[in-house]
file data14.tsv (TSV, C-alpha atoms)
chain	number	residue	atom	x	y	z
A	1	MET	CA	8.62	13.93	10.88
A	2	SER	CA	8.15	11.71	7.85
A	3	SER	CA	4.74	10.46	6.77
A	4	ILE	CA	3.65	6.89	6.22
A	5	PHE	CA	3.80	7.62	2.49
A	6	ASP	CA	7.43	8.73	2.77
A	7	SER	CA	8.24	5.39	4.39
A	8	ILE	CA	6.29	3.49	1.75
A	9	GLN	CA	7.97	5.43	-1.07
A	10	GLN	CA	11.36	4.32	0.19
A	11	GLN	CA	10.23	0.75	-0.59
A	12	ILE	CA	8.61	1.54	-3.96
A	13	THR	CA	11.74	2.21	-5.98
A	14	ALA	CA	12.24	2.38	-9.75
A	15	SER	CA	13.64	-1.14	-9.51
A	16	PHE	CA	10.44	-2.27	-7.79
A	17	VAL	CA	8.32	-0.71	-10.55
A	18	GLN	CA	10.45	-2.52	-13.14
A	19	GLN	CA	9.96	-5.82	-11.30
A	20	VAL	CA	6.18	-5.34	-11.29
A	21	SER	CA	6.30	-4.45	-14.99
A	22	GLN	CA	8.27	-7.56	-15.87
A	23	ARG	CA	6.36	-9.89	-13.54
A	24	PHE	CA	3.01	-8.96	-15.07
A	25	GLY	CA	4.17	-8.26	-18.62
A	26	ILE	CA	2.91	-4.70	-18.58
A	27	ASP	CA	4.46	-1.46	-19.74
A	28	PRO	CA	6.53	0.24	-17.01
A	29	ALA	CA	4.28	3.32	-17.25
A	30	VAL	CA	1.22	1.14	-16.60
A	31	ALA	CA	3.04	-0.52	-13.69
A	32	GLN	CA	3.83	2.92	-12.25
A	33	GLN	CA	0.22	4.00	-12.72
A	34	ALA	CA	-1.00	0.80	-11.04
A	35	ILE	CA	1.31	1.38	-8.09
A	36	ASN	CA	0.32	5.06	-7.84
A	37	THR	CA	-3.31	3.98	-7.72
A	38	ALA	CA	-2.81	0.97	-5.48
A	39	VAL	CA	-0.83	2.66	-2.71
A	40	PRO	CA	-3.57	5.12	-1.66
A	41	ALA	CA	-6.31	2.53	-2.34
A	42	ILE	CA	-4.58	-0.01	-0.12
A	43	THR	CA	-3.86	2.61	2.52
A	44	GLY	CA	-7.53	3.54	2.57
A	45	ALA	CA	-8.48	-0.13	2.80
A	46	LEU	CA	-6.05	-0.62	5.69
A	47	ALA	CA	-7.48	2.44	7.45
A	48	ALA	CA	-11.01	1.05	7.04
A	49	HIS	CA	-9.90	-2.35	8.33
A	50	ALA	CA	-8.18	-0.69	11.31
A	51	ARG	CA	-11.39	1.20	12.16
A	52	ALA	CA	-13.29	-2.10	11.99
A	53	GLY	CA	-11.06	-3.67	14.64
A	54	GLY	CA	-8.14	-4.83	12.52
A	55	ALA	CA	-5.48	-2.39	13.79
A	56	ASP	CA	-3.69	-5.06	15.82
A	57	ALA	CA	-3.43	-7.39	12.80
A	58	ILE	CA	-2.14	-4.56	10.59
A	59	HIS	CA	0.46	-3.52	13.17
A	60	ARG	CA	1.56	-7.13	13.73
A	61	GLU	CA	1.89	-7.96	10.03
A	62	ALA	CA	3.58	-4.65	9.15
A	63	THR	CA	6.22	-5.06	11.84
A	64	LYS	CA	6.70	-8.72	10.85
A	65	GLN	CA	7.36	-7.57	7.30
A	66	VAL	CA	10.21	-5.40	8.59
A	67	GLU	CA	11.76	-8.43	10.29
A	68	ILE	CA	11.12	-10.93	7.47
A	69	ASP	CA	11.23	-9.00	4.19
A	70	ASN	CA	8.96	-10.38	1.45
A	71	GLN	CA	7.35	-13.00	3.64
A	72	ALA	CA	4.57	-15.16	2.28
A	73	ASP	CA	1.34	-13.30	1.54
A	74	PRO	CA	-0.50	-12.93	4.90
A	75	PHE	CA	-2.10	-9.74	3.73
A	76	GLN	CA	-5.60	-10.96	3.03
A	77	GLN	CA	-6.18	-10.83	6.77
A	78	VAL	CA	-5.12	-7.18	6.95
A	79	LEU	CA	-7.11	-6.08	3.92
A	80	GLY	CA	-10.08	-8.35	4.41
A	81	ALA	CA	-12.88	-7.68	1.95
A	82	HIS	CA	-11.18	-4.43	0.93
A	83	HIS	CA	-8.69	-6.31	-1.30
A	84	ALA	CA	-11.32	-6.56	-4.03
A	85	THR	CA	-12.11	-2.84	-3.76
A	86	ALA	CA	-8.44	-1.89	-4.10
A	87	ALA	CA	-8.04	-4.27	-7.06
A	88	GLN	CA	-11.13	-2.84	-8.76
A	89	ARG	CA	-9.77	0.70	-8.37
A	90	VAL	CA	-6.44	-0.32	-9.93
A	91	SER	CA	-8.29	-2.05	-12.77
A	92	ASP	CA	-10.52	0.97	-13.39
A	93	VAL	CA	-7.59	3.40	-13.58
A	94	THR	CA	-5.10	1.28	-15.52
A	95	GLY	CA	-7.33	-0.84	-17.74
A	96	VAL	CA	-5.74	-4.12	-16.64
A	97	SER	CA	-8.13	-6.95	-15.82
A	98	THR	CA	-9.51	-7.17	-12.31
A	99	ASP	CA	-7.68	-10.47	-11.82
A	100	ASP	CA	-4.36	-8.92	-12.86
A	101	ALA	CA	-5.07	-5.87	-10.70
A	102	GLY	CA	-5.67	-8.18	-7.73
A	103	ARG	CA	-2.33	-9.86	-8.37
A	104	ILE	CA	-0.64	-6.45	-8.66
A	105	VAL	CA	-2.17	-5.35	-5.34
A	106	SER	CA	-0.90	-8.57	-3.75
A	107	ALA	CA	2.58	-7.98	-5.25
A	108	ILE	CA	2.70	-4.45	-3.85
A	109	MET	CA	1.58	-5.43	-0.36
A	110	PRO	CA	4.94	-6.67	1.00
A	111	ALA	CA	6.72	-3.41	0.10
A	112	LEU	CA	3.83	-1.29	1.31
A	113	MET	CA	3.56	-3.18	4.59
A	114	ARG	CA	7.31	-2.98	5.09
A	115	GLY	CA	7.13	0.80	4.68
A	116	ILE	CA	4.25	0.98	7.15
A	117	GLY	CA	6.10	-1.28	9.59
A	118	LEU	CA	9.27	0.79	9.38
A	119	HIS	CA	7.26	3.96	9.95
A	120	ALA	CA	5.53	2.44	12.99
A	121	GLN	CA	8.85	1.32	14.45
A	122	GLN	CA	10.63	4.62	13.77
A	123	GLN	CA	7.78	6.60	15.33
A	124	GLY	CA	7.25	4.15	18.21
A	125	MET	CA	3.60	3.62	17.25
A	126	ASP	CA	1.32	1.08	18.82
A	127	SER	CA	-1.55	-0.43	16.82
A	128	LYS	CA	-4.03	2.32	17.76
A	129	GLN	CA	-1.60	5.08	16.77
A	130	LEU	CA	-0.86	3.28	13.51
A	131	GLY	CA	-4.58	2.97	12.76
A	132	ASN	CA	-4.97	6.70	13.38
A	133	ALA	CA	-1.99	7.49	11.14
A	134	LEU	CA	-3.46	5.34	8.35
A	135	ALA	CA	-6.81	7.09	8.71
A	136	THR	CA	-5.11	10.49	8.52
A	137	ALA	CA	-3.11	9.44	5.45
A	138	ALA	CA	-6.23	8.08	3.73
A	139	ALA	CA	-8.12	11.31	4.48
A	140	ASP	CA	-5.23	13.38	3.11
A	141	VAL	CA	-5.36	11.42	-0.15
A	142	ARG	CA	-9.11	11.91	-0.46
A	143	GLU	CA	-8.68	15.66	0.02
A	144	ASN	CA	-5.57	15.95	-2.19
A	145	PRO	CA	-5.59	13.14	-4.77
A	146	PRO	CA	-2.15	12.31	-6.17
A	147	SER	CA	-1.16	13.53	-9.56
A	148	SER	CA	0.76	11.39	-11.98
A	149	GLY	CA	4.31	10.54	-11.03
A	150	ARG	CA	5.85	8.50	-8.31
A	151	ALA	CA	3.68	7.63	-5.34
A	152	GLY	CA	5.66	9.65	-2.81
A	153	GLU	CA	6.14	12.69	-5.00
A	154	ALA	CA	2.45	13.48	-4.88
A	155	ARG	CA	2.54	13.64	-1.07
A	156	LEU	CA	0.15	10.79	-0.75

call {"tool": "encode", "arguments": {"input": "data14.tsv", "output": "structure tokens"}}
result
Amino acid sequence: MSSIFDSIQQQITASFVQQVSQRFGIDPAVAQQAINTAVPAITGALAAHARAGGADAIHREATKQVEIDNQADPFQQVLGAHHATAAQRVSDVTGVSTDDAGRIVSAIMPALMRGIGLHAQQQGMDSKQLGNALATAAADVRENPPSSGRAGEARL
């Protein structure tokens, strides 16, 4: 059985990293580092939001992203106050400004949510099961932080 991170990694391709690099005018290595940092930070934020009663919103928006790829940014409601925390983590690790890190997190969200939505659909998960899977994934990352390299290669 694939993990949520496997499904996310299928969305975070080399082409995607290049797009982030070009969109924000940053070196591709910095873009990769930002993505490698943002994916587990966002996943942890989503897990926290799910525990706080937001699992239904996460499930709804993730499955919508599968149906309508790259929809407008509805993700503030699924990250809530955790968006700033994820952005700060990306800024701390990469050295980009907090504002740019926030924009990078927002740019990553559609691909990340599409990966989560695909995973939920493929596994037949309801919102509670998805919340549990996000919590498990976030705990795995805390116990085994990713090394450098692509997000999925580190078994996030």

call {"tool": "atom_distance", "arguments": {"input": "data14.tsv", "atom1": "atom CA of A:Phe5", "atom2": "atom CA of A:Leu118"}}
result
11.1 Å

call {"tool": "closest_atom_pairs", "arguments": {"input": "data14.tsv", "of": "stretch 102-146 of chain A", "to": "stretch 89-92 of chain A", "cutoff": "10 Å", "atoms": "all atoms listed in the file", "output": "tab-separated table"}}
result
residue	atom	partner	partner_atom	distance
A:Gly102	CA	A:Val90	CA	8.2
A:Ile104	CA	A:Val90	CA	8.5
A:Val105	CA	A:Val90	CA	8.0

call {"tool": "atom_distance", "arguments": {"input": "data14.tsv", "atom1": "atom CA of A:Gln88", "atom2": "atom CA of A:Lys128"}}
result
27.9 Å

call {"tool": "atom_distance", "arguments": {"input": "data14.tsv", "atom1": "atom CA of A:Gly44", "atom2": "atom CA of A:Val96"}}
result
20.8 Å

call {"tool": "residues_around", "arguments": {"input": "data14.tsv", "residues": "stretch 132-143 of chain A", "least_positions_apart": "4", "cutoff": "9 Å", "atoms": "all atoms listed in the file", "output": "list in words"}}
result
Ser3, Ile4, Phe5, Pro40, Ala41, Thr43, Gly44, Ala45, Leu46, Ala47, Ala48, Ala50, Arg51, Ile116, Ser127, Lys128, Arg155 and Leu156 of chain A

call {"tool": "closest_residue", "arguments": {"input": "data14.tsv", "among": "A:Leu130, A:Val20, A:Ser2, A:Asp100", "to": "A:Gly54", "atoms": "only C-alpha atoms"}}
result
A:Leu130

call {"tool": "residues_near_point", "arguments": {"input": "data14.tsv", "point": "(8.3, 3.3, 4.7)", "cutoff": "10 Å", "atoms": "all atoms listed in the file", "output": "NGL selection string"}}
result
:A and (2-12 or 66 or 111-122)

call {"tool": "write_last_selection", "arguments": {"input": "data14.tsv", "atoms": "C-alpha atoms", "output": "CSV table (one decimal), keeping the file's coordinate frame"}}
result
chain,number,residue,atom,x,y,z
A,2,SER,CA,8.2,11.7,7.8
A,3,SER,CA,4.7,10.5,6.8
A,4,ILE,CA,3.6,6.9,6.2
A,5,PHE,CA,3.8,7.6,2.5
A,6,ASP,CA,7.4,8.7,2.8
A,7,SER,CA,8.2,5.4,4.4
A,8,ILE,CA,6.3,3.5,1.8
A,9,GLN,CA,8.0,5.4,-1.1
A,10,GLN,CA,11.4,4.3,0.2
A,11,GLN,CA,10.2,0.8,-0.6
A,12,ILE,CA,8.6,1.5,-4.0
A,66,VAL,CA,10.2,-5.4,8.6
A,111,ALA,CA,6.7,-3.4,0.1
A,112,LEU,CA,3.8,-1.3,1.3
A,113,MET,CA,3.6,-3.2,4.6
A,114,ARG,CA,7.3,-3.0,5.1
A,115,GLY,CA,7.1,0.8,4.7
A,116,ILE,CA,4.2,1.0,7.2
A,117,GLY,CA,6.1,-1.3,9.6
A,118,LEU,CA,9.3,0.8,9.4
A,119,HIS,CA,7.3,4.0,10.0
A,120,ALA,CA,5.5,2.4,13.0
A,121,GLN,CA,8.8,1.3,14.4
A,122,GLN,CA,10.6,4.6,13.8

call {"tool": "closest_residue", "arguments": {"input": "data14.tsv", "among": "A:Ala107, A:Ile26, A:Val17, A:Val78", "to": "A:Gly53", "atoms": "all atoms listed in the file"}}
result
A:Val78

call {"tool": "residues_near_point", "arguments": {"input": "data14.tsv", "point": "(-9.5, -8.6, -1.9)", "cutoff": "10 Å", "atoms": "only C-alpha atoms", "output": "PyMOL selection string"}}
result
chain A and resi 45+75-88+102-103+105-106

call {"tool": "closest_residue", "arguments": {"input": "data14.tsv", "among": "A:Ile35, A:Ile42, A:Pro110, A:Ala52", "to": "A:Glu67", "atoms": "only C-alpha atoms"}}
result
A:Pro110

call {"tool": "axis_aligned_box", "arguments": {"input": "data14.tsv", "around": "stretch 44-53 of chain A", "padding_each_side": "8 Å", "output": "JSON"}}
result
{"center_x": -9.7, "center_y": -0.1, "center_z": 8.6, "size_x": 23.2, "size_y": 23.2, "size_z": 28.1}

call {"tool": "closest_residue", "arguments": {"input": "data14.tsv", "among": "A:Lys64, A:Gln18, A:Ile108, A:Thr13", "to": "A:Val30", "atoms": "only C-alpha atoms"}}
result
A:Gln18
